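Asker: The structure's right below; bear with me while I get my questions together.
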Amino acid sequence: MAVHLKDKEAYQRLNYLYQAAHCVIAQNPENVELARFYCFTQKTIARRLVLRQDPSVKRTLCKKCCSLLIPGVTATTRQRRKNGKTRFTVVRCRICGQSKTLLNNPDYCLWVDRPEAQLQQQKQPDRGPSANSQPKDSEPAGSVPSTPVASTAGTQAAPLS
């Protein structure tokens, strides 16, 4: 339980650093170095604690210089086509010149978003051998039935024996 709480706090810290980098760029687009420091710190924390970041977050960070890729401010965005059908978005960092090529297919689904990637709740194993010995439809001796006995108005139902 404590491990789960530790990961939650780490993800909250990563989220805070990511939002802080966005706020720094939004207030002063010239202050790229502070935003890069926040993103670099975020990346090193995630690497040290072996945490997976969401693909939408990783797509907005430059792998080479750890700067935040905001189109028109710190990055340029272009749409490209290959073979006439396949469309790509090319994001180029203005600071280091590194470019990312992202598939621009509306039908494409990330692995994280697929249903088979999600953990499913597994059934709890039965506790003890006594629970397995009784059939599920019958009730144990001496217990009251779970469904009420139907009675008509003015008459009383006879107790079950």
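Letters for chains follow the order of the structure tokens (A, B, ...), residue numbers begin at 1 for each chain, and ligand numbers begin at 1 in the order shown.
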Just list as a PyMOL selection string whatever in region 5-110 of chain A DSSP marks as strand (DSSP E or B).

Answerer: chain A and resi 61+68+71+75-82+86-93+99-103

Asker: Which neighbours of Val91 (chain A) fall inside 9 Å, counting only C-alpha atoms, when residues of the same chain fewer than 3 positions from it are skipped, and could you give them as a list of chain:residue names?

Answerer: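 With the cut-off at 9 Å, the set is A:Leu69, A:Pro71, A:Ala75, A:Thr76, A:Thr77, A:Arg78, A:Gln79, A:Gln98, A:Ser99, A:Lys100, A:Thr101, A:Leu102.
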
Asker: Can I get the selected residues back with N, CA, C and O atoms, as a PDB file, in the first residue's frame?

Answerer:
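So the final result, stored in again_26.pdb, reads:
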ATOM      1  N   LEU A  69       7.866  21.445 -26.075  1.00  0.00           N
ATOM      2  CA  LEU A  69       7.570  21.716 -27.476  1.00  0.00           C
ATOM      3  C   LEU A  69       6.179  22.313 -27.604  1.00  0.00           C
ATOM      4  O   LEU A  69       5.179  21.603 -27.575  1.00  0.00           O
ATOM      5  N   PRO A  71       3.966  24.530 -30.212  1.00  0.00           N
ATOM      6  CA  PRO A  71       3.997  25.029 -31.592  1.00  0.00           C
ATOM      7  C   PRO A  71       3.922  26.551 -31.651  1.00  0.00           C
ATOM      8  O   PRO A  71       3.095  27.176 -31.003  1.00  0.00           O
ATOM      9  N   ALA A  75       8.687  25.402 -30.907  1.00  0.00           N
ATOM     10  CA  ALA A  75       8.736  24.361 -31.934  1.00  0.00           C
ATOM     11  C   ALA A  75       7.968  24.798 -33.166  1.00  0.00           C
ATOM     12  O   ALA A  75       7.084  25.655 -33.095  1.00  0.00           O
ATOM     13  N   THR A  76       8.331  24.199 -34.290  1.00  0.00           N
ATOM     14  CA  THR A  76       7.572  24.389 -35.527  1.00  0.00           C
ATOM     15  C   THR A  76       6.873  23.081 -35.855  1.00  0.00           C
ATOM     16  O   THR A  76       7.428  22.003 -35.635  1.00  0.00           O
ATOM     17  N   THR A  77       5.674  23.189 -36.393  1.00  0.00           N
ATOM     18  CA  THR A  77       4.876  22.009 -36.713  1.00  0.00           C
ATOM     19  C   THR A  77       4.533  22.025 -38.192  1.00  0.00           C
ATOM     20  O   THR A  77       4.055  23.040 -38.707  1.00  0.00           O
ATOM     21  N   ARG A  78       4.774  20.907 -38.861  1.00  0.00           N
ATOM     22  CA  ARG A  78       4.468  20.768 -40.284  1.00  0.00           C
ATOM     23  C   ARG A  78       3.715  19.470 -40.512  1.00  0.00           C
ATOM     24  O   ARG A  78       3.945  18.476 -39.820  1.00  0.00           O
ATOM     25  N   GLN A  79       2.849  19.479 -41.509  1.00  0.00           N
ATOM     26  CA  GLN A  79       2.121  18.277 -41.923  1.00  0.00           C
ATOM     27  C   GLN A  79       2.790  17.739 -43.177  1.00  0.00           C
ATOM     28  O   GLN A  79       3.016  18.479 -44.133  1.00  0.00           O
ATOM     29  N   GLN A  98      16.233  19.244 -33.177  1.00  0.00           N
ATOM     30  CA  GLN A  98      15.755  17.854 -33.195  1.00  0.00           C
ATOM     31  C   GLN A  98      14.320  17.824 -33.703  1.00  0.00           C
ATOM     32  O   GLN A  98      13.513  18.677 -33.374  1.00  0.00           O
ATOM     33  N   SER A  99      13.966  16.832 -34.528  1.00  0.00           N
ATOM     34  CA  SER A  99      12.614  16.731 -35.044  1.00  0.00           C
ATOM     35  C   SER A  99      11.987  15.404 -34.654  1.00  0.00           C
ATOM     36  O   SER A  99      12.686  14.395 -34.518  1.00  0.00           O
ATOM     37  N   LYS A 100      10.676  15.420 -34.463  1.00  0.00           N
ATOM     38  CA  LYS A 100       9.885  14.240 -34.153  1.00  0.00           C
ATOM     39  C   LYS A 100       8.892  14.043 -35.271  1.00  0.00           C
ATOM     40  O   LYS A 100       8.269  14.994 -35.727  1.00  0.00           O
ATOM     41  N   THR A 101       8.709  12.828 -35.691  1.00  0.00           N
ATOM     42  CA  THR A 101       7.724  12.502 -36.703  1.00  0.00           C
ATOM     43  C   THR A 101       6.643  11.664 -36.050  1.00  0.00           C
ATOM     44  O   THR A 101       6.910  10.566 -35.557  1.00  0.00           O
ATOM     45  N   LEU A 102       5.431  12.166 -36.013  1.00  0.00           N
ATOM     46  CA  LEU A 102       4.310  11.506 -35.361  1.00  0.00           C
ATOM     47  C   LEU A 102       3.278  11.112 -36.408  1.00  0.00           C
ATOM     48  O   LEU A 102       2.942  11.903 -37.292  1.00  0.00           O
TER      49      LEU A 102
END

Asker: Just the residues within 10 Å of Glu30 (chain A), please, counting only C-alpha atoms, with nothing from its chain fewer than 4 positions along; format it as a VMD selection string.

Answerer: chain A and resid 24 to 26 34 73 to 74

Asker: Which residue gives the smallest distance to Asn104 (chain A) among A:Arg36, A:Arg81, A:Cys62, A:Gln118, with only C-alpha atoms counted?

Answerer: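 Among A:Arg36, A:Arg81, A:Cys62, A:Gln118, it is A:Arg81 that comes nearest to Asn104 (chain A).
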
Asker: To one decimal place in Å, what is the distance between CA of Leu17 (chain A) and CA of Ala46 (chain A)?

Answerer: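 Going from CA of Leu17 (chain A) over to CA of Ala46 (chain A), I get 11.4 Å.
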
Asker: When you count only C-alpha atoms, which of these residues is closest to Ala10 (chain A): A:Val112, A:Cys65, A:Leu49, A:Val32?

Answerer: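 Of A:Val112, A:Cys65, A:Leu49, A:Val32, the one nearest Ala10 (chain A) is A:Leu49, counting only C-alpha atoms.
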